[in-house]
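Q: The structure's right below; bear with me while I get my questions together.
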Number of protein chains: 4
Amino acid sequence: MKKIKIGAVGLGRLGRKHAENIAFRIPNAELAAVCSIVKEELDEVMKSWNIPHGYTDFNEMLKNKDLDAIAISSSSTEHCNHIIAALDAGFHVFSEKPLGVDIAECRRAEKAVEKHVDQVFFLGFMRRYDDSYAYAKRKIAEGAIGKPILIRCYGLDPVKSIKGAIAFAEKSGGIFLDLAIHDIDLARWYLGSEAKSIYAVGDCFTYEEFAKYQDIDNGAALIQFKNGAIGMFYAGRTCAHGYHIETEIVGTEGSLRIGTVPEKNLVTVFNDTGAVKECVGGFLERFEKAYLSEMQEFINCIIENRKPGVNVYDGTNATIIAYGCKESFENNRLIILD
Amino acid sequence: MKKIKIGAVGLGRLGRKHAENIAFRIPNAELAAVCSIVKEELDEVMKSWNIPHGYTDFNEMLKNKDLDAIAISSSSTEHCNHIIAALDAGFHVFSEKPLGVDIAECRRAEKAVEKHVDQVFFLGFMRRYDDSYAYAKRKIAEGAIGKPILIRCYGLDPVKSIKGAIAFAEKSGGIFLDLAIHDIDLARWYLGSEAKSIYAVGDCFTYEEFAKYQDIDNGAALIQFKNGAIGMFYAGRTCAHGYHIETEIVGTEGSLRIGTVPEKNLVTVFNDTGAVKECVGGFLERFEKAYLSEMQEFINCIIENRKPGVNVYDGTNATIIAYGCKESFENNRLIILD
Amino acid sequence: MKKIKIGAVGLGRLGRKHAENIAFRIPNAELAAVCSIVKEELDEVMKSWNIPHGYTDFNEMLKNKDLDAIAISSSSTEHCNHIIAALDAGFHVFSEKPLGVDIAECRRAEKAVEKHVDQVFFLGFMRRYDDSYAYAKRKIAEGAIGKPILIRCYGLDPVKSIKGAIAFAEKSGGIFLDLAIHDIDLARWYLGSEAKSIYAVGDCFTYEEFAKYQDIDNGAALIQFKNGAIGMFYAGRTCAHGYHIETEIVGTEGSLRIGTVPEKNLVTVFNDTGAVKECVGGFLERFEKAYLSEMQEFINCIIENRKPGVNVYDGTNATIIAYGCKESFENNRLIILD
Amino acid sequence: MKKIKIGAVGLGRLGRKHAENIAFRIPNAELAAVCSIVKEELDEVMKSWNIPHGYTDFNEMLKNKDLDAIAISSSSTEHCNHIIAALDAGFHVFSEKPLGVDIAECRRAEKAVEKHVDQVFFLGFMRRYDDSYAYAKRKIAEGAIGKPILIRCYGLDPVKSIKGAIAFAEKSGGIFLDLAIHDIDLARWYLGSEAKSIYAVGDCFTYEEFAKYQDIDNGAALIQFKNGAIGMFYAGRTCAHGYHIETEIVGTEGSLRIGTVPEKNLVTVFNDTGAVKECVGGFLERFEKAYLSEMQEFINCIIENRKPGVNVYDGTNATIIAYGCKESFENNRLIILD
């Protein structure tokens with residue numbers, strides 16, 4: 001079996017999960033190199049997993065011509081540069097979202113992708129590879145709900161992770177870019193349309209720490225799309241019951257809901273508080289299989305010389321909308337996109 | 001509007017609810033008399049509700065020829081005698097279950113009903129008048145699940161009521177007669193068949209107090225009916241989450257479940273324990289509307305000169321099966337009914 | 001028992017339900033007169049229910065000084081005039097929503113109520129009297145979810161009623177005044193704050209018939225309240241699965257959802273389509289008990305000389321917000337309320 | 001990375017899934033040989049997956065000393081012989097359930113395992129490796145429900161598979177051995193006790209074809225365990241809505257339910273039939289991850305020189321109980337186990 005050799009950059013929580021999937025769960029991939037600016041993390045992974053090549057300098061890794069592809073999970077501010085450098089060095093590229101931290105970066109990434117048309121570029125909007133989201137997409141395509149009228153998206157991080165969110169606030173780009181971007185991608189995917197007008201509101205309801213970065217702990221946006229469809233988005237960082245990702249698509253002839261109760265597993269506990277569904281605790285738990293599936297699809301695209309379903313423009317367009325939300329919220333005004 | 005004048009005997013928890021429904025919620029009924037051996041209870045009700053006639057002696061109430069009907073919620077050991085006396089005195093009769101505390105009593109009640117064919121006799125199997133149970137009955141009649149194969153019934157009292165259950169244990173007739181009788185009636189109603197063989201087991205899992213009355217705190221029975229259909233019954237007194245009444249009818253082409261999660265209302269609470277449905281606390285809460293509907297139906301049967309859907313033989317036959325469970329459990333043997 | 005004598009005006013679907021509740025389900029009320037401009041309807045009700053007085057002219061009914069109170073379910077355009085006339089004639093008044101068809105009418109109604117401080121005025125926001133909504137209110141008051149951050153409201157009429165909605169479109173005031181008004185009242189009630197900014201969108205996704213009245217078949221609004229809390233509202237007329245009323249209040253420490261699946265009853269059907277919860281078909285079915293409870297509360301307020309929890313200003317303020325939605329949608333602009 | 005080399009026998013539906021997991025999803029395992037009496041199936045797998053060794057004769061495969069372990073998914077009647085031969089040939093052994101088709105076979109298998117104490121023997125009760133079942137086990141161990149009182153198990157095959165079930169009826173051992181065996185294993189596992197008394201009933205409700213093998217299409221058993229706990233088992237072959245595996249453990253202080261609605265994924269569809277959860281279609285879909293996890297655990301046991309949590313006696317004891325059900329049903333009598 002031919003194995004695609006991958007160099008993975010970034011070994012934080014999600015980066016490590018990607019590396020682990022490449023190393024241990026994808027038969028036709030091999031984790032041939034890892035890169036991290038955190039030396040201890042790098043050494044630990046190389047040793048534990050027996051990885052032959054390790055780098056603290058990304059550009060050094062790009063010189064390793066034994067590699068076929070690069071998987072990027074570095075910090076958001078590095079994504080754009082890493083994408084461009086890796087493409088220019090001739091590699092297939094998988095990158096975590098976001099494509100860039102502003103629209104100019106997204107445009108630069110687009111150019112690099114356009115220049116290297118024979119290389120696979122894959123953007124990690126993993127929800128499209130989640131079984132339930134993919135199933136909903138097929139149902140809609142089959143006409144199960146008629147024509148989409150409205151999409152409602154909840155993207156709520158568990159309050160348990162609030163410390164990390166506060167620490168990360170300065171670099172996060174704000175709640176709409178950080179949390180709502182996945183929902184915005186889903187909205188574009190399910191509705192097949194781009195945003196026309198945006199109004200967003202929010203506040204620091206508990207954690208004033210976000211205020212100094214013009215950020216908030218809970219926010220919402222109402223978006224009308226060019227085809228008339230409506231998007232309702234709610235992003236929050238203080239969810240008491242866990243990681244609540246819920247999406248609903250209302251159509252002219254029916255509706256679909258994904259994840260109404262973000263339950264941990266198939267167990268219901270009946271005790272003196274009632275009938276309890278424990279909820280999923282975080283993104284790695286909820287999307288464990290989707291992260292594996294998207295990486296498998298990236299490898300398959302390389303092997304089969306195919307383009308992925310999600311492309312660089314999806315990254316730019318989602319970012320444009322997320323910026324619209326940010327701008328609307330910051331200035332309390334209605335944003336009309338061209 | 002003609003009003004049916006009712007004399008109600010028994011003013012305990014359920015008796016009082018029946019009296020209250022008659023007095024305040026049924027337009028064509030009037031609570032014209034009340035009877036209780038507990039003088040204070042009697043006085044309190046008469047005064048609060050302004051009821052003209054009160055009795056501590058049931059036979060005295062039967063002399064009040066201004067009444068049209070008698071509603072019996074006295075203690076189970078009195079039911080049979082009260083039914084017979086009231087019928088013999090010429091009244092229409094509503095009686096709480098059970099018909100009698102043994103089969104001989106049931107037969108005596110049957111005879112009295114047969115002797116007074118022009119009087120309405122109504123046995124309080126209220127679940128048949130619950131919206132959800134009645135809906136399930138109609139769905140089955142319409143063929144929604146094909147031919148019934150199996151019925152599973154849970155009848156679980158909240159552990160909060162355990163003190164009352166222990167105090168009442170001596171007179172209750174045991175868990176199958178006390179709790180499972182409603183489920184047995186439902187099984188006969190939905191399956192349209194009588195029991196053929198019975199095996200029942202159980203134990204005092206927490207409350208040894210039941211042992212001295214040959215009773216248990218949790219028990220189960222497997223019953224095969226004459227038409228081949230199967231009944232699985234679980235009765236318990238220690239339910240942590242509330243009053244759990246759940247019934248499932250599996251058919252050859254589908255299934256129906258009633259009350260899977262015995263939720264209190266339409267509210268779901270999401271908090272740090274997960275997504276919580278609080279559960280219903282007791283029979284008066286769960287069957288509030290059914291108690292009203294059955295009493296309304298009793299009144300309507302009188303006015304319209306109709307026979308109720310549930311008759312005296314339903315009482316006897318459910319009792320025969322409950323006794324079979326009791327006997328099976330007590331002797332750890334299989335009971336084969338003729 | 002003293003009975004409050006009521007004259008009911010309007011015998012349409014909801015008017016008839018109110019009249020029926022007064023006549024048959026409320027012990028201390030009496031339906032002493034009915035009024036309808038539809039003669040056949042009037043005659044039919046008088047005859048079937050044996051009502052002594054009937055009128056086709058509302059002002060004639062007000063001359064009947066034997067009455068204690070008036071219950072108004074006439075067409076929306078008559079509400080304001082009927083309220084004022086009935087109050088001026090000295091009666092206690094129950095009125096269906098809306099208070100008026102524009103804000104000027106609401107102000108006129110306010111004045112009449114202020115002039116007659118000793119008469120009970122009750123506005124029919126019946127959801128506040130629904131068991132589940134009232135339970136949620138108590139839970140919030142007890143601190144179950146911390147401080148409210150966001151309310152999400154779905155008010156979706158079944159597509160089965162679309163013909164009626166089209167016929168009524170000219171007079172309905174538009175989707176926000178017609179459907180969302182109940183949700184707006186709930187938002188004000190649960191959040192304890194008034195709207196600060198409003199953006200609303202919508203379209204005729206299926207039924208172009210609404211367009212000629214500047215109306216739509218599905219619309220949504222995002223509202224920020226003065227205390228910072230967020231409201232997301234979705235109103236629709238084309239719900240495939242029934243009457244979908246769902247409300248969620250997200251707080252700083254938990255959330256509450258009411259009616260997530262607007263299920264008909266406690267029955268789940270398992271068949272070859274899966275596990276199916278049939279949904280409630282319309283407002284009379286969903287809020288049957290709430291309509292009874294609010295009317296009972298109106299009567300109790302009269303007897304006990306109390307003011308209802310919902311007052312005339314609730315009617316005005318909800319109308320102001322609904323008009324804001326309408327204006328925002330019609331002009332595609334952000335509305336800032338002073 | 002050291003890879004355990006496995007020879008897999010049986011390439012039917014489940015055998016092929018096991019082989020696929022070994023070949024493609026377990027990093028430290030290698031599918032080094034396959035064996036099937038069906039030549040085409042063998043050739044197809046060898047070619048598609050590029051497997052170096054293939055056999056139509058199981059004993060020939062055992063001569064391949066390059067292998068470390070054997071995975072048995074042959075027909076039930078071969079399990080016992082294959083287990084013994086593979087152990088005697090010095091291999092670690094994974095075997096699908098059942099251990100044997102009668103108790104004598106189970107005893108022979110036990111002897112072989114006892115003779116080869118240094119070899120891993122793993123019996124494929126995969127549900128113990130399902131996330132939800134394993135989670136329930138941990139919750140019980142933590143005391144979440146107190147002491148178990150009752151276990152209720154549904155094991156219902158989809159009616160869509162009925163043709164296969166009829167074709168297989170002669171060799172299946174009957175519904176209790178074929179379907180209920182997994183539930184019986186779970187009951188023993190959760191309750192920590194063995195059966196004391198058994199009563200089982202059933203019938204051919206639709207498919208008379210099962211009758212000629214003394215088999216049925218739906219059956220149920222009530223079992224009391226030696227510690228007093230109660231087991232209610234329902235096995236069926238005619239489930240309209242899919243593959244319904246549901247397990248409930250009721251304890252003295254709470255209950256746990258696993259799989260109440262055997263939903264396919266996180267999607268709810270709202271359409272004109274109501275709110276619909278589509279159900280899982282079959283065992284490979286429901287237990288996809290558990291089949292992978294158990295095989296991974298088998299490999300890990302070999303590498304780490306550990307004994308699996310499920311042993312050969314679990315196989316025998318579950319079989320004894322399943323035979324008790326069969327005997328009780330066939331003779332309509334109560335079975336008392338010593």
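Note on naming: chains are A, B, ... as they come in the structure tokens, residues start from 1 per chain, ligands start from 1 in the order shown.
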Contacts from chain D to chain C, 6 Å maximum, only C-alpha atoms: show me the residue list as a JSON list (two decimals) with N, CA and C atoms, in the first residue's frame.

A:
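New file out.json:
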[["chain", "number", "residue", "atom", "x", "y", "z"],
["D", 240, "ALA", "N", -39.78, -3.16, 12.94],
["D", 240, "ALA", "CA", -40.10, -2.33, 11.77],
["D", 240, "ALA", "C", -39.14, -1.17, 11.59],
["D", 241, "HIS", "N", -38.67, -0.59, 12.69],
["D", 241, "HIS", "CA", -37.91, 0.66, 12.59],
["D", 241, "HIS", "C", -36.41, 0.48, 12.55],
["D", 270, "PHE", "N", -37.98, 17.01, 10.90],
["D", 270, "PHE", "CA", -39.34, 17.45, 11.19],
["D", 270, "PHE", "C", -40.07, 17.52, 9.86],
["D", 271, "ASN", "N", -41.07, 16.68, 9.70],
["D", 271, "ASN", "CA", -41.84, 16.76, 8.47],
["D", 271, "ASN", "C", -43.30, 16.47, 8.76],
["D", 272, "ASP", "N", -44.09, 16.23, 7.75],
["D", 272, "ASP", "CA", -45.53, 16.14, 8.01],
["D", 272, "ASP", "C", -45.92, 14.92, 8.84],
["D", 274, "GLY", "N", -44.24, 14.38, 11.67],
["D", 274, "GLY", "CA", -43.87, 14.80, 13.02],
["D", 274, "GLY", "C", -42.38, 14.99, 13.14],
["D", 275, "ALA", "N", -41.86, 14.81, 14.35],
["D", 275, "ALA", "CA", -40.42, 14.90, 14.59],
["D", 275, "ALA", "C", -39.87, 13.48, 14.55],
["D", 276, "VAL", "N", -39.04, 13.22, 13.56],
["D", 276, "VAL", "CA", -38.62, 11.85, 13.29],
["D", 276, "VAL", "C", -37.14, 11.65, 13.56],
["D", 277, "LYS", "N", -36.82, 10.64, 14.35],
["D", 277, "LYS", "CA", -35.45, 10.18, 14.50],
["D", 277, "LYS", "C", -35.34, 8.90, 13.68],
["D", 278, "GLU", "N", -34.57, 8.93, 12.61],
["D", 278, "GLU", "CA", -34.36, 7.70, 11.87],
["D", 278, "GLU", "C", -33.51, 6.76, 12.72],
["D", 279, "CYS", "N", -33.73, 5.46, 12.54],
["D", 279, "CYS", "CA", -33.08, 4.48, 13.42],
["D", 279, "CYS", "C", -31.96, 3.74, 12.71]]

Q: Compile the contact shell of B:Gly155 as JSON, numbers by chain: residues with an atom at most 7 Å away, counting only C-alpha atoms, same-chain residues fewer than 4 positions apart removed.

A: {"B": [179, 180, 234, 235, 236, 244, 245, 246]}

Q: Leaving out D:Glu330 and any residue of its chain fewer than 6 positions from it, which residues lie within 10 Å of it when counting only C-alpha atoms, given as a VMD selection string?

A: chain D and resid 200 to 202 214 to 215 324

Q: Next, dump the selected residues to file, keeping only N, CA and C atoms, as a short mmCIF file (atom, residue, chain, number, x, y, z; two decimals), in the first residue's frame.

A:
data_model
loop_
_atom_site.label_atom_id
_atom_site.label_comp_id
_atom_site.auth_asym_id
_atom_site.auth_seq_id
_atom_site.Cartn_x
_atom_site.Cartn_y
_atom_site.Cartn_z
N ALA D 200 -39.48 -18.49 29.91
CA ALA D 200 -39.43 -17.86 28.59
C ALA D 200 -40.64 -18.24 27.76
N VAL D 201 -41.12 -17.28 26.98
CA VAL D 201 -42.27 -17.51 26.11
C VAL D 201 -42.00 -16.89 24.75
N GLY D 202 -42.86 -17.20 23.80
CA GLY D 202 -42.68 -16.62 22.47
C GLY D 202 -43.60 -17.28 21.46
N GLN D 214 -38.49 -25.40 15.81
CA GLN D 214 -38.85 -25.04 17.20
C GLN D 214 -38.42 -23.63 17.53
N ASP D 215 -38.38 -22.80 16.52
CA ASP D 215 -37.96 -21.43 16.77
C ASP D 215 -39.15 -20.49 16.60
N GLY D 324 -31.26 -22.35 28.87
CA GLY D 324 -32.37 -22.38 29.82
C GLY D 324 -33.61 -21.71 29.23
#

Q: When DSSP is applied to the backbone of this structure, which of stretch 58-304 of chain A are assigned alpha helix (DSSP H)? Write them out as a VMD selection string.

A: chain A and resid 58 to 62 76 to 88 103 to 115 131 to 141 162 to 172 175 to 178 181 to 191 283 to 286 288 to 304

Q: Could you give me, as a PDB file with N, CA, C and O atoms, in the first residue's frame, the residues within 12 Å of C:Cys80, counting only C-alpha atoms and dropping anything in the same chain fewer than 5 positions from it?

A:
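out00.pdb written:
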ATOM      1  N   ILE C  72     -63.695  39.895  25.162  1.00  0.00           N
ATOM      2  CA  ILE C  72     -63.623  40.368  23.773  1.00  0.00           C
ATOM      3  C   ILE C  72     -62.756  39.465  22.895  1.00  0.00           C
ATOM      4  O   ILE C  72     -61.560  39.307  23.134  1.00  0.00           O
ATOM      5  N   SER C  73     -63.365  38.864  21.899  1.00  0.00           N
ATOM      6  CA  SER C  73     -62.636  38.071  20.904  1.00  0.00           C
ATOM      7  C   SER C  73     -63.090  38.481  19.511  1.00  0.00           C
ATOM      8  O   SER C  73     -63.133  37.671  18.587  1.00  0.00           O
ATOM      9  N   SER C  74     -63.461  39.740  19.391  1.00  0.00           N
ATOM     10  CA  SER C  74     -63.880  40.256  18.084  1.00  0.00           C
ATOM     11  C   SER C  74     -62.650  40.380  17.184  1.00  0.00           C
ATOM     12  O   SER C  74     -61.553  40.012  17.576  1.00  0.00           O
ATOM     13  N   SER C  75     -62.857  40.915  15.970  1.00  0.00           N
ATOM     14  CA  SER C  75     -61.690  41.003  15.084  1.00  0.00           C
ATOM     15  C   SER C  75     -60.740  42.073  15.601  1.00  0.00           C
ATOM     16  O   SER C  75     -61.150  43.020  16.281  1.00  0.00           O
ATOM     17  N   ALA C  85     -65.242  50.998  25.047  1.00  0.00           N
ATOM     18  CA  ALA C  85     -66.691  51.059  25.284  1.00  0.00           C
ATOM     19  C   ALA C  85     -67.087  50.228  26.494  1.00  0.00           C
ATOM     20  O   ALA C  85     -67.911  50.647  27.326  1.00  0.00           O
ATOM     21  N   ALA C  86     -66.507  49.045  26.618  1.00  0.00           N
ATOM     22  CA  ALA C  86     -66.882  48.162  27.724  1.00  0.00           C
ATOM     23  C   ALA C  86     -66.407  48.724  29.063  1.00  0.00           C
ATOM     24  O   ALA C  86     -67.127  48.664  30.070  1.00  0.00           O
ATOM     25  N   LEU C  87     -65.201  49.259  29.063  1.00  0.00           N
ATOM     26  CA  LEU C  87     -64.711  49.875  30.310  1.00  0.00           C
ATOM     27  C   LEU C  87     -65.581  51.068  30.679  1.00  0.00           C
ATOM     28  O   LEU C  87     -66.004  51.224  31.835  1.00  0.00           O
ATOM     29  N   VAL C  93     -63.013  43.856  31.936  1.00  0.00           N
ATOM     30  CA  VAL C  93     -62.789  43.492  30.529  1.00  0.00           C
ATOM     31  C   VAL C  93     -61.634  42.510  30.361  1.00  0.00           C
ATOM     32  O   VAL C  93     -60.531  42.732  30.877  1.00  0.00           O
ATOM     33  N   PHE C  94     -61.925  41.449  29.634  1.00  0.00           N
ATOM     34  CA  PHE C  94     -60.899  40.551  29.122  1.00  0.00           C
ATOM     35  C   PHE C  94     -60.837  40.810  27.623  1.00  0.00           C
ATOM     36  O   PHE C  94     -61.872  40.804  26.961  1.00  0.00           O
ATOM     37  N   SER C  95     -59.623  41.033  27.087  1.00  0.00           N
ATOM     38  CA  SER C  95     -59.532  41.167  25.632  1.00  0.00           C
ATOM     39  C   SER C  95     -58.437  40.278  25.072  1.00  0.00           C
ATOM     40  O   SER C  95     -57.345  40.176  25.638  1.00  0.00           O
ATOM     41  N   GLU C  96     -58.771  39.668  23.985  1.00  0.00           N
ATOM     42  CA  GLU C  96     -57.756  38.953  23.216  1.00  0.00           C
ATOM     43  C   GLU C  96     -56.700  39.955  22.742  1.00  0.00           C
ATOM     44  O   GLU C  96     -56.989  41.134  22.585  1.00  0.00           O
ATOM     45  N   LYS C  97     -55.484  39.459  22.464  1.00  0.00           N
ATOM     46  CA  LYS C  97     -54.471  40.306  21.847  1.00  0.00           C
ATOM     47  C   LYS C  97     -54.862  40.481  20.386  1.00  0.00           C
ATOM     48  O   LYS C  97     -55.576  39.614  19.875  1.00  0.00           O
ATOM     49  N   PRO C  98     -54.465  41.548  19.673  1.00  0.00           N
ATOM     50  CA  PRO C  98     -53.668  42.655  20.171  1.00  0.00           C
ATOM     51  C   PRO C  98     -54.547  43.704  20.827  1.00  0.00           C
ATOM     52  O   PRO C  98     -55.757  43.748  20.590  1.00  0.00           O
ATOM     53  N   LEU C  99     -53.882  44.525  21.594  1.00  0.00           N
ATOM     54  CA  LEU C  99     -54.564  45.630  22.259  1.00  0.00           C
ATOM     55  C   LEU C  99     -55.149  46.575  21.200  1.00  0.00           C
ATOM     56  O   LEU C  99     -56.259  47.085  21.358  1.00  0.00           O
ATOM     57  N   GLY C 100     -54.350  46.795  20.152  1.00  0.00           N
ATOM     58  CA  GLY C 100     -54.802  47.669  19.068  1.00  0.00           C
ATOM     59  C   GLY C 100     -54.003  47.376  17.830  1.00  0.00           C
ATOM     60  O   GLY C 100     -52.997  46.681  17.896  1.00  0.00           O
ATOM     61  N   VAL C 101     -54.459  47.893  16.709  1.00  0.00           N
ATOM     62  CA  VAL C 101     -53.741  47.569  15.482  1.00  0.00           C
ATOM     63  C   VAL C 101     -52.631  48.561  15.172  1.00  0.00           C
ATOM     64  O   VAL C 101     -51.883  48.378  14.218  1.00  0.00           O
ATOM     65  N   ASP C 102     -52.549  49.621  15.973  1.00  0.00           N
ATOM     66  CA  ASP C 102     -51.376  50.484  15.876  1.00  0.00           C
ATOM     67  C   ASP C 102     -51.112  51.081  17.249  1.00  0.00           C
ATOM     68  O   ASP C 102     -51.880  50.844  18.191  1.00  0.00           O
ATOM     69  N   ILE C 103     -50.038  51.818  17.349  1.00  0.00           N
ATOM     70  CA  ILE C 103     -49.641  52.279  18.682  1.00  0.00           C
ATOM     71  C   ILE C 103     -50.614  53.321  19.209  1.00  0.00           C
ATOM     72  O   ILE C 103     -50.909  53.364  20.398  1.00  0.00           O
ATOM     73  N   ALA C 104     -51.169  54.127  18.305  1.00  0.00           N
ATOM     74  CA  ALA C 104     -52.156  55.124  18.729  1.00  0.00           C
ATOM     75  C   ALA C 104     -53.341  54.435  19.422  1.00  0.00           C
ATOM     76  O   ALA C 104     -53.820  54.889  20.465  1.00  0.00           O
ATOM     77  N   GLU C 105     -53.816  53.335  18.854  1.00  0.00           N
ATOM     78  CA  GLU C 105     -54.914  52.602  19.488  1.00  0.00           C
ATOM     79  C   GLU C 105     -54.514  52.103  20.880  1.00  0.00           C
ATOM     80  O   GLU C 105     -55.306  52.157  21.819  1.00  0.00           O
ATOM     81  N   CYS C 106     -53.283  51.592  20.960  1.00  0.00           N
ATOM     82  CA  CYS C 106     -52.820  51.099  22.260  1.00  0.00           C
ATOM     83  C   CYS C 106     -52.856  52.223  23.297  1.00  0.00           C
ATOM     84  O   CYS C 106     -53.276  52.014  24.440  1.00  0.00           O
ATOM     85  N   ARG C 107     -52.422  53.400  22.885  1.00  0.00           N
ATOM     86  CA  ARG C 107     -52.433  54.535  23.822  1.00  0.00           C
ATOM     87  C   ARG C 107     -53.859  54.879  24.258  1.00  0.00           C
ATOM     88  O   ARG C 107     -54.109  55.208  25.423  1.00  0.00           O
ATOM     89  N   ARG C 108     -54.789  54.809  23.329  1.00  0.00           N
ATOM     90  CA  ARG C 108     -56.201  55.078  23.677  1.00  0.00           C
ATOM     91  C   ARG C 108     -56.702  54.044  24.692  1.00  0.00           C
ATOM     92  O   ARG C 108     -57.395  54.391  25.652  1.00  0.00           O
ATOM     93  N   ALA C 109     -56.324  52.807  24.464  1.00  0.00           N
ATOM     94  CA  ALA C 109     -56.741  51.758  25.401  1.00  0.00           C
ATOM     95  C   ALA C 109     -56.121  51.993  26.779  1.00  0.00           C
ATOM     96  O   ALA C 109     -56.788  51.862  27.808  1.00  0.00           O
ATOM     97  N   GLU C 110     -54.846  52.378  26.778  1.00  0.00           N
ATOM     98  CA  GLU C 110     -54.190  52.679  28.062  1.00  0.00           C
ATOM     99  C   GLU C 110     -54.980  53.723  28.841  1.00  0.00           C
ATOM    100  O   GLU C 110     -55.216  53.581  30.043  1.00  0.00           O
ATOM    101  N   LYS C 111     -55.358  54.779  28.143  1.00  0.00           N
ATOM    102  CA  LYS C 111     -56.099  55.857  28.815  1.00  0.00           C
ATOM    103  C   LYS C 111     -57.393  55.357  29.441  1.00  0.00           C
ATOM    104  O   LYS C 111     -57.733  55.711  30.567  1.00  0.00           O
ATOM    105  N   ALA C 112     -58.095  54.511  28.699  1.00  0.00           N
ATOM    106  CA  ALA C 112     -59.359  53.986  29.224  1.00  0.00           C
ATOM    107  C   ALA C 112     -59.117  53.146  30.468  1.00  0.00           C
ATOM    108  O   ALA C 112     -59.860  53.235  31.460  1.00  0.00           O
ATOM    109  N   VAL C 113     -58.074  52.349  30.441  1.00  0.00           N
ATOM    110  CA  VAL C 113     -57.770  51.523  31.605  1.00  0.00           C
ATOM    111  C   VAL C 113     -57.407  52.409  32.795  1.00  0.00           C
ATOM    112  O   VAL C 113     -57.858  52.186  33.926  1.00  0.00           O
ATOM    113  N   LEU C 123     -55.375  41.280  29.502  1.00  0.00           N
ATOM    114  CA  LEU C 123     -55.011  41.095  28.094  1.00  0.00           C
ATOM    115  C   LEU C 123     -54.576  39.642  27.872  1.00  0.00           C
ATOM    116  O   LEU C 123     -53.762  39.117  28.625  1.00  0.00           O
ATOM    117  N   VAL C 312     -52.145  46.491  30.624  1.00  0.00           N
ATOM    118  CA  VAL C 312     -52.364  47.165  29.349  1.00  0.00           C
ATOM    119  C   VAL C 312     -51.042  47.627  28.711  1.00  0.00           C
ATOM    120  O   VAL C 312     -50.888  47.628  27.491  1.00  0.00           O
ATOM    121  N   GLY C 315     -49.386  45.187  26.563  1.00  0.00           N
ATOM    122  CA  GLY C 315     -49.946  45.183  25.214  1.00  0.00           C
ATOM    123  C   GLY C 315     -49.306  46.250  24.341  1.00  0.00           C
ATOM    124  O   GLY C 315     -48.919  46.005  23.193  1.00  0.00           O
ATOM    125  N   THR C 316     -49.166  47.459  24.877  1.00  0.00           N
ATOM    126  CA  THR C 316     -48.557  48.545  24.103  1.00  0.00           C
ATOM    127  C   THR C 316     -47.103  48.237  23.769  1.00  0.00           C
ATOM    128  O   THR C 316     -46.670  48.359  22.619  1.00  0.00           O
TER     129      THR C 316
END

Q: Have a look at atom CA of D:Lys2 and atom CA of D:Tyr291 and let me know their distance in Å, one decimal.

A: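 Computed distance, atom CA of D:Lys2 to atom CA of D:Tyr291, equals 21.8 Å.
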
Q: So how many Å separate atom CA of B:Gly228 and atom CA of D:Gly228, to one decimal?

A: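 Going from atom CA of B:Gly228 over to atom CA of D:Gly228, I get 28.1 Å.
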
Q: Fewer than 5 positions away in the same chain doesn't count, so skip those; otherwise give me all residues within 10 Å of C:Gly174, counting only C-alpha atoms, as a list in words.

A: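 The neighbour list is Phe168, Ala169, Leu179, Ala180, Phe210, Tyr213, Gln214, Asp215, Ile216, Asp217, Ala322, Tyr323, Cys325 and Lys326 of chain C.
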
Q: Could you tell me how far atom CA of A:Phe205 sits from atom CA of A:Thr238, in Å to one decimal place?

A: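 Atom-to-atom, atom CA of A:Thr238 and atom CA of A:Phe205 are spaced 9.2 Å apart.
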
Q: Do a neighbour search on D:Ile258 at 8 Å with only C-alpha atoms, toss out local chain neighbours closer than 5 positions, and write the hits as a VMD selection string.

A: (chain A and resid 266 to 268) or (chain D and resid 132 to 133 136 246 to 248)

Q: For the strand (DSSP E) assignment from backbone DSSP, which residues of stretch 11-55 of chain D qualify? Please present them as a ChimeraX atom specification.

A: /D:29-35,53-55

Q: Near B:Ser36, counting only C-alpha atoms, which residues have an atom at most 9 Å away, once you skip same-chain residues fewer than 5 positions from it, shown as a list in words?

A: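 The residues that qualify are Ala8, Val9, Gly10, Leu11, Gly12, Glu41, Leu42, Gly54, Tyr55, Thr56, Asp57, Phe58 and Ser74 of chain B.
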